[in-house]
$ cat final-v3.cif   # mmCIF, C-alpha atoms and all ligand atoms
data_upload
#
loop_
_atom_site.group_PDB
_atom_site.id
_atom_site.type_symbol
_atom_site.label_atom_id
_atom_site.label_comp_id
_atom_site.auth_asym_id
_atom_site.auth_seq_id
_atom_site.Cartn_x
_atom_site.Cartn_y
_atom_site.Cartn_z
ATOM 1 C CA MET H 1 39.850 20.759 -2.856
ATOM 2 C CA THR H 2 39.594 16.992 -2.648
ATOM 3 C CA ALA H 3 35.824 17.065 -2.183
ATOM 4 C CA PHE H 4 35.500 18.738 -5.583
ATOM 5 C CA LYS H 5 37.780 16.273 -7.311
ATOM 6 C CA SER H 6 35.846 13.262 -6.068
ATOM 7 C CA SER H 7 32.366 14.623 -6.748
ATOM 8 C CA VAL H 8 30.357 13.508 -9.778
ATOM 9 C CA SER H 9 30.256 16.139 -12.515
ATOM 10 C CA LEU H 10 26.827 17.767 -12.904
ATOM 11 C CA SER H 11 26.925 17.424 -16.660
ATOM 12 C CA SER H 12 27.007 13.650 -16.333
ATOM 13 C CA ILE H 13 23.890 13.792 -14.114
ATOM 14 C CA ASN H 14 22.119 16.159 -16.509
ATOM 15 C CA GLY H 15 22.861 13.855 -19.397
ATOM 16 C CA GLY H 16 20.342 11.237 -18.218
ATOM 17 C CA HIS H 17 18.092 10.318 -21.122
ATOM 18 C CA ALA H 18 15.274 8.310 -19.535
ATOM 19 C CA LYS H 19 12.063 10.023 -18.474
ATOM 20 C CA ALA H 20 11.822 9.941 -14.667
ATOM 21 C CA GLY H 21 8.771 8.422 -13.028
ATOM 22 C CA GLU H 22 6.986 9.165 -9.769
ATOM 23 C CA VAL H 23 6.079 7.290 -6.595
ATOM 24 C CA HIS H 24 2.966 8.233 -4.604
ATOM 25 C CA VAL H 25 2.142 6.459 -1.356
ATOM 26 C CA ILE H 26 -1.293 6.205 0.278
ATOM 27 C CA ILE H 27 -1.268 4.738 3.803
ATOM 28 C CA GLY H 28 -3.679 4.473 6.719
ATOM 29 C CA PRO H 29 -5.664 1.949 8.767
ATOM 30 C CA MET H 30 -8.282 -0.376 7.320
ATOM 31 C CA PHE H 31 -11.553 1.251 6.175
ATOM 32 C CA ALA H 32 -9.829 4.599 5.552
ATOM 33 C CA GLY H 33 -10.662 4.611 1.828
ATOM 34 C CA LYS H 34 -7.138 3.777 0.603
ATOM 35 C CA THR H 35 -8.346 1.551 -2.242
ATOM 36 C CA THR H 36 -11.050 4.081 -3.149
ATOM 37 C CA GLY H 37 -8.400 6.825 -3.283
ATOM 38 C CA LEU H 38 -6.148 4.622 -5.392
ATOM 39 C CA LEU H 39 -8.954 3.761 -7.831
ATOM 40 C CA ARG H 40 -9.952 7.403 -8.122
ATOM 41 C CA ARG H 41 -6.399 8.365 -9.080
ATOM 42 C CA ILE H 42 -6.016 5.468 -11.499
ATOM 43 C CA LYS H 43 -9.334 6.304 -13.188
ATOM 44 C CA SER H 44 -8.421 9.963 -13.473
ATOM 45 C CA GLU H 45 -5.014 9.090 -15.009
ATOM 46 C CA SER H 46 -6.804 6.770 -17.410
ATOM 47 C CA SER H 47 -9.351 9.383 -18.458
ATOM 48 C CA SER H 48 -6.547 11.852 -19.132
ATOM 49 C CA GLY H 49 -5.225 9.433 -21.726
ATOM 50 C CA ARG H 50 -2.504 7.578 -19.846
ATOM 51 C CA THR H 51 -2.278 3.790 -19.952
ATOM 52 C CA VAL H 52 -2.874 2.304 -16.522
ATOM 53 C CA ALA H 53 -2.501 -1.085 -14.864
ATOM 54 C CA MET H 54 -3.573 -2.218 -11.434
ATOM 55 C CA ILE H 55 -1.861 -4.920 -9.389
ATOM 56 C CA LYS H 56 -2.882 -6.688 -6.215
ATOM 57 C CA SER H 57 -1.494 -9.665 -4.357
ATOM 58 C CA SER H 58 -2.813 -13.064 -5.365
ATOM 59 C CA LYS H 59 -3.020 -13.769 -1.605
ATOM 60 C CA ASP H 60 -5.849 -11.264 -1.297
ATOM 61 C CA THR H 61 -8.957 -13.052 -2.533
ATOM 62 C CA ARG H 62 -11.447 -11.310 -0.233
ATOM 63 C CA TYR H 63 -13.818 -9.939 -2.884
ATOM 64 C CA ALA H 64 -12.698 -11.003 -6.365
ATOM 65 C CA LYS H 65 -9.675 -12.691 -7.883
ATOM 66 C CA ASP H 66 -9.118 -10.440 -10.882
ATOM 67 C CA SER H 67 -10.486 -7.123 -9.622
ATOM 68 C CA VAL H 68 -9.581 -4.602 -6.987
ATOM 69 C CA VAL H 69 -12.785 -4.032 -5.029
ATOM 70 C CA THR H 70 -13.332 -1.432 -2.333
ATOM 71 C CA HIS H 71 -15.221 -2.128 0.886
ATOM 72 C CA ASP H 72 -18.115 -0.131 -0.584
ATOM 73 C CA GLY H 73 -18.200 -2.083 -3.861
ATOM 74 C CA LEU H 74 -16.188 -0.014 -6.413
ATOM 75 C CA LYS H 75 -14.401 -2.315 -8.851
ATOM 76 C CA PHE H 76 -11.442 -2.201 -11.242
ATOM 77 C CA PRO H 77 -9.795 -5.051 -13.199
ATOM 78 C CA CYS H 78 -6.332 -5.979 -11.996
ATOM 79 C CA TRP H 79 -3.434 -8.394 -12.169
ATOM 80 C CA ALA H 80 -3.365 -10.686 -9.141
ATOM 81 C CA LEU H 81 0.306 -11.613 -8.718
ATOM 82 C CA PRO H 82 2.412 -13.486 -6.155
ATOM 83 C CA ASP H 83 5.162 -10.841 -6.436
ATOM 84 C CA LEU H 84 5.801 -7.616 -8.347
ATOM 85 C CA ALA H 85 8.807 -8.926 -10.253
ATOM 86 C CA SER H 86 6.483 -11.183 -12.247
ATOM 87 C CA PHE H 87 4.461 -8.215 -13.590
ATOM 88 C CA GLN H 88 6.713 -7.314 -16.531
ATOM 89 C CA HIS H 89 7.162 -10.984 -17.337
ATOM 90 C CA LYS H 90 3.408 -11.666 -17.349
ATOM 91 C CA LEU H 91 2.640 -8.566 -19.393
ATOM 92 C CA GLY H 92 5.502 -8.968 -21.853
ATOM 93 C CA ASP H 93 8.125 -6.275 -22.537
ATOM 94 C CA VAL H 94 6.163 -4.580 -25.340
ATOM 95 C CA GLU H 95 2.996 -4.186 -23.261
ATOM 96 C CA TYR H 96 5.035 -3.153 -20.203
ATOM 97 C CA GLN H 97 6.609 -0.309 -22.191
ATOM 98 C CA LYS H 98 3.137 1.063 -22.982
ATOM 99 C CA ILE H 99 2.078 1.347 -19.328
ATOM 100 C CA ASP H 100 2.357 4.869 -17.871
ATOM 101 C CA VAL H 101 0.769 4.413 -14.454
ATOM 102 C CA ILE H 102 0.796 1.373 -12.146
ATOM 103 C CA GLY H 103 -1.489 1.142 -9.112
ATOM 104 C CA ILE H 104 -0.636 -1.353 -6.365
ATOM 105 C CA ASP H 105 -3.288 -2.257 -3.787
ATOM 106 C CA GLU H 106 -2.535 -3.855 -0.388
ATOM 107 C CA ALA H 107 1.085 -3.094 -1.238
ATOM 108 C CA GLN H 108 2.417 -4.062 2.214
ATOM 109 C CA ILE H 109 2.022 -7.719 1.183
ATOM 110 C CA PHE H 110 4.645 -7.514 -1.597
ATOM 111 C CA GLU H 111 8.135 -8.265 -0.336
ATOM 112 C CA ASP H 112 9.757 -6.838 -3.473
ATOM 113 C CA LEU H 113 7.888 -3.502 -3.285
ATOM 114 C CA TYR H 114 11.024 -1.388 -2.779
ATOM 115 C CA ASP H 115 12.959 -2.942 -5.658
ATOM 116 C CA PHE H 116 9.946 -2.775 -7.962
ATOM 117 C CA CYS H 117 9.288 0.920 -7.247
ATOM 118 C CA CYS H 118 12.987 1.780 -7.735
ATOM 119 C CA LYS H 119 13.168 0.069 -11.085
ATOM 120 C CA ALA H 120 9.773 1.158 -12.402
ATOM 121 C CA ALA H 121 10.022 4.818 -11.352
ATOM 122 C CA ASP H 122 13.778 5.453 -11.626
ATOM 123 C CA HIS H 123 14.569 3.504 -14.773
ATOM 124 C CA ASP H 124 11.326 2.777 -16.597
ATOM 125 C CA GLY H 125 9.666 6.198 -16.138
ATOM 126 C CA LYS H 126 6.474 4.811 -14.591
ATOM 127 C CA THR H 127 4.194 6.629 -12.172
ATOM 128 C CA ILE H 128 3.552 4.241 -9.293
ATOM 129 C CA ILE H 129 0.657 4.753 -6.901
ATOM 130 C CA VAL H 130 0.965 2.476 -3.908
ATOM 131 C CA ALA H 131 -1.792 1.943 -1.324
ATOM 132 C CA GLY H 132 -1.498 -0.149 1.812
ATOM 133 C CA LEU H 133 -1.471 -0.442 5.573
ATOM 134 C CA ASP H 134 1.332 1.402 7.340
ATOM 135 C CA GLY H 135 0.770 -0.492 10.578
ATOM 136 C CA ASP H 136 -0.543 -3.900 11.593
ATOM 137 C CA TYR H 137 -3.115 -4.534 14.334
ATOM 138 C CA MET H 138 -0.355 -4.059 16.923
ATOM 139 C CA ARG H 139 0.663 -0.741 15.339
ATOM 140 C CA ARG H 140 3.988 -2.143 14.165
ATOM 141 C CA SER H 141 5.364 -1.343 10.712
ATOM 142 C CA PHE H 142 3.525 -3.615 8.279
ATOM 143 C CA GLY H 143 5.465 -5.600 5.687
ATOM 144 C CA SER H 144 7.308 -3.546 3.091
ATOM 145 C CA MET H 145 5.020 -0.501 3.122
ATOM 146 C CA LEU H 146 7.218 1.940 5.043
ATOM 147 C CA ASP H 147 10.297 0.916 3.044
ATOM 148 C CA VAL H 148 9.057 2.922 0.041
ATOM 149 C CA ILE H 149 8.472 6.195 1.902
ATOM 150 C CA PRO H 150 12.047 7.388 1.188
ATOM 151 C CA LEU H 151 11.321 6.793 -2.527
ATOM 152 C CA ALA H 152 8.068 8.741 -2.554
ATOM 153 C CA ASP H 153 7.170 12.040 -4.244
ATOM 154 C CA THR H 154 4.121 12.266 -1.971
ATOM 155 C CA VAL H 155 2.790 10.418 1.073
ATOM 156 C CA THR H 156 -0.877 10.642 2.072
ATOM 157 C CA LYS H 157 -2.046 9.221 5.385
ATOM 158 C CA LEU H 158 -5.798 8.681 5.391
ATOM 159 C CA THR H 159 -7.934 8.195 8.488
ATOM 160 C CA ALA H 160 -11.054 6.143 9.052
ATOM 161 C CA ARG H 161 -13.904 6.705 11.505
ATOM 162 C CA CYS H 162 -13.611 5.085 14.936
ATOM 163 C CA GLU H 163 -16.224 2.365 15.139
ATOM 164 C CA LEU H 164 -16.811 3.095 18.832
ATOM 165 C CA CYS H 165 -16.990 6.896 19.021
ATOM 166 C CA GLY H 166 -17.046 8.180 15.432
ATOM 167 C CA GLY H 167 -13.845 10.156 15.952
ATOM 168 C CA ARG H 168 -10.849 10.046 13.613
ATOM 169 C CA ALA H 169 -9.389 6.510 13.498
ATOM 170 C CA PHE H 170 -5.678 6.039 12.879
ATOM 171 C CA PHE H 171 -5.337 2.375 13.824
ATOM 172 C CA THR H 172 -6.703 -1.050 12.916
ATOM 173 C CA TRP H 173 -7.868 -3.093 15.862
ATOM 174 C CA ARG H 174 -8.238 -6.858 15.613
ATOM 175 C CA LYS H 175 -11.387 -8.180 17.239
ATOM 176 C CA THR H 176 -10.070 -11.701 17.739
ATOM 177 C CA SER H 177 -7.198 -13.090 19.779
ATOM 178 C CA GLU H 178 -5.583 -14.637 16.658
ATOM 179 C CA THR H 179 -1.962 -13.451 16.648
ATOM 180 C CA LYS H 180 -0.776 -14.247 13.099
ATOM 181 C CA THR H 181 0.234 -10.901 11.520
ATOM 182 C CA GLU H 182 -1.133 -11.599 8.050
ATOM 183 C CA LEU H 183 -4.741 -12.487 8.722
ATOM 184 C CA ILE H 184 -6.762 -11.269 5.770
ATOM 185 C CA GLY H 185 -10.301 -10.265 6.603
ATOM 186 C CA GLY H 186 -12.832 -7.465 6.635
ATOM 187 C CA SER H 187 -15.098 -5.945 9.237
ATOM 188 C CA ASP H 188 -15.664 -9.421 10.707
ATOM 189 C CA LEU H 189 -12.107 -9.361 12.056
ATOM 190 C CA TYR H 190 -11.001 -5.747 12.121
ATOM 191 C CA MET H 191 -12.269 -2.333 13.022
ATOM 192 C CA PRO H 192 -10.835 1.145 12.777
ATOM 193 C CA VAL H 193 -10.350 2.876 16.117
ATOM 194 C CA CYS H 194 -9.114 6.171 17.545
ATOM 195 C CA ARG H 195 -6.143 6.246 19.901
ATOM 196 C CA GLN H 196 -8.265 6.198 23.062
ATOM 197 C CA HIS H 197 -10.284 3.170 21.948
ATOM 198 C CA TYR H 198 -7.200 1.372 20.689
ATOM 199 C CA VAL H 199 -5.676 1.651 24.144
ATOM 200 C CA SER H 200 -8.866 0.695 26.023
ATOM 201 C CA GLY H 201 -9.467 -2.217 23.595
ATOM 202 C CA GLU H 202 -5.979 -3.538 24.163
ATOM 203 C CA SER H 203 -6.351 -3.406 27.939
ATOM 204 C CA ALA H 204 -9.741 -5.185 27.672
ATOM 205 C CA ILE H 205 -8.107 -7.986 25.647
ATOM 206 C CA GLU H 206 -5.233 -8.116 28.126
ATOM 207 C CA SER H 207 -7.571 -8.510 31.106
ATOM 208 C CA THR H 208 -9.626 -11.191 29.281
ATOM 209 C CA ARG H 209 -6.386 -13.075 28.612
ATOM 210 C CA THR H 210 -5.374 -12.797 32.262
ATOM 211 C CA VAL H 211 -8.763 -14.124 33.385
ATOM 212 C CA LEU H 212 -8.579 -17.034 30.903
ATOM 213 C CA GLU H 213 -5.041 -17.898 31.951
ATOM 214 C CA SER H 214 -5.984 -17.923 35.638
ATOM 215 C CA LEU H 215 -8.820 -20.403 35.043
HETATM 216 ZN ZN ZN D 301 -12.909 6.118 19.457
#

$ encode --input "final-v3.cif" --output "structure tokens"
Amino acid sequence: MTAFKSSVSLSSINGGHAKAGEVHVIIGPMFAGKTTGLLRRIKSESSSGRTVAMIKSSKDTRYAKDSVVTHDGLKFPCWALPDLASFQHKLGDVEYQKIDVIGIDEAQIFEDLYDFCCKAADHDGKTIIVAGLDGDYMRRSFGSMLDVIPLADTVTKLTARCELCGGRAFFTWRKTSETKTELIGGSDLYMPVCRQHYVSGESAIESTRTVLESL
């Protein structure tokens, strides 16, 4: 059978020597506790004796430059980098080898997220825990976040609490009419909303726009 002849022999697959890593993805709207969940996992890996490192984008300077900080004030030191490819370079090969677990916060911002996760988990044996927004304020796929779902061992979608009714919030709603996708802010600019309030909020903005345009 030709299919048999052209297939890769199983013994050559079994012969792989490197220890395989893992990729875990945490997604959800803003204020869903993604960073808190990430920090909890990183701290628990660290207390079980594994060497951890945390990375965030150097574009995100909301709370602190060299720490990942949650909306409720939890803190963890991190590397603030313009891209993920520079991590190994900054750390140096020897230090990079020692790292077991890498946490990435606001991961949707990194354009090289997919390539980094492939290399670090497939070839370097790292456990990667990635947290970020799955959707932007218009509920479109945000940056590179969804690209890594096919690479993931696990995917966790967290929900927030709708600021208007207290129900489960799946979406991030932008309170302003600013339309740039990457507008970094906190509760001054964004709020978590349920589906019903997302839809009614959007139609309120639409009618305001129509009124303004007709003036
Ligand atoms: Zn609601």

$ resolve_selection --input "final-v3.cif" --expression "the PyMOL selection byres (((chain H and resi 26) around 9) and not hetatm)" --output "JSON, numbers by chain"
{"H": [24, 25, 27, 28, 34, 35, 37, 38, 129, 130, 131, 132, 133, 134, 154, 155, 156, 157, 158]}

$ closest_atom_pairs --input "final-v3.cif" --of "chain H" --to "ligand ZN 301 (chain D)" --cutoff "9 Å" --atoms "all atoms listed in the file" --output "CSV"
residue,atom,partner,partner_atom,distance
H:Arg161,CA,D:ZN301,ZN,8.0
H:Cys162,CA,D:ZN301,ZN,4.7
H:Glu163,CA,D:ZN301,ZN,6.6
H:Leu164,CA,D:ZN301,ZN,5.0
H:Cys165,CA,D:ZN301,ZN,4.2
H:Gly166,CA,D:ZN301,ZN,6.1
H:Gly167,CA,D:ZN301,ZN,5.4
H:Arg168,CA,D:ZN301,ZN,7.3
H:Ala169,CA,D:ZN301,ZN,6.9
H:Pro192,CA,D:ZN301,ZN,8.6
H:Val193,CA,D:ZN301,ZN,5.3
H:Cys194,CA,D:ZN301,ZN,4.2
H:Arg195,CA,D:ZN301,ZN,6.8
H:Gln196,CA,D:ZN301,ZN,5.9
H:His197,CA,D:ZN301,ZN,4.7
H:Tyr198,CA,D:ZN301,ZN,7.5

$ atom_distance --input "final-v3.cif" --atom1 "atom CA of H:Leu91" --atom2 "atom CA of H:His71"
27.8 Å

$ closest_atom_pairs --input "final-v3.cif" --of "stretch 57-90 of chain H" --to "stretch 111-121 of chain H" --cutoff "10 Å" --atoms "all atoms listed in the file" --output "JSON lines"
{"residue": "H:Pro82", "atom": "CA", "partner": "H:Glu111", "partner_atom": "CA", "distance": 9.7}
{"residue": "H:Asp83", "atom": "CA", "partner": "H:Asp112", "partner_atom": "CA", "distance": 6.8}
{"residue": "H:Leu84", "atom": "CA", "partner": "H:Asp112", "partner_atom": "CA", "distance": 6.3}
{"residue": "H:Ala85", "atom": "CA", "partner": "H:Phe116", "partner_atom": "CA", "distance": 6.7}
{"residue": "H:Phe87", "atom": "CA", "partner": "H:Phe116", "partner_atom": "CA", "distance": 9.6}
{"residue": "H:Gln88", "atom": "CA", "partner": "H:Ala120", "partner_atom": "CA", "distance": 9.9}

$ residues_around --input "final-v3.cif" --residues "stretch 66-68 of chain H" --least-positions-apart "3" --cutoff "9 Å" --atoms "all atoms listed in the file" --output "JSON, numbers by chain"
{"H": [35, 39, 54, 55, 56, 58, 61, 63, 74, 75, 76, 77, 78, 79, 80, 105]}

$ atom_distance --input "final-v3.cif" --atom1 "atom CA of H:Gln108" --atom2 "atom CA of H:Ser48"
28.1 Å

$ atom_distance --input "final-v3.cif" --atom1 "atom CA of H:Gly125" --atom2 "atom CA of H:Asp153"
13.5 Å

$ closest_residue --input "final-v3.cif" --among "H:Asp60, H:Asp124, H:Asp72, H:Asp147" --to "H:Ile102" --atoms "all atoms listed in the file"
H:Asp124

$ resolve_selection --input "final-v3.cif" --expression "the PyMOL selection byres (((chain H and resi 29) around 6) and not hetatm)" --output "compact mmCIF listing (two decimals) with C-alpha atoms, keeping the file's coordinate frame"
# COMPACT_ATOMS: atom_id res chain seq x y z
CA GLY H 28 -3.68 4.47 6.72
CA MET H 30 -8.28 -0.38 7.32
CA ALA H 32 -9.83 4.60 5.55
CA LEU H 133 -1.47 -0.44 5.57
CA PHE H 170 -5.68 6.04 12.88
CA PHE H 171 -5.34 2.38 13.82
CA THR H 172 -6.70 -1.05 12.92

$ resolve_selection --input "final-v3.cif" --expression "the PyMOL selection byres (((chain H and resi 138) around 12) and not hetatm)" --output "list of chain:residue names"
H:Pro29, H:Leu133, H:Asp134, H:Gly135, H:Asp136, H:Tyr137, H:Arg139, H:Arg140, H:Ser141, H:Phe142, H:Phe171, H:Thr172, H:Trp173, H:Arg174, H:Lys175, H:Ser177, H:Glu178, H:Thr179, H:Lys180, H:Thr181, H:Glu182, H:Tyr190, H:Tyr198, H:Val199, H:Gly201, H:Glu202
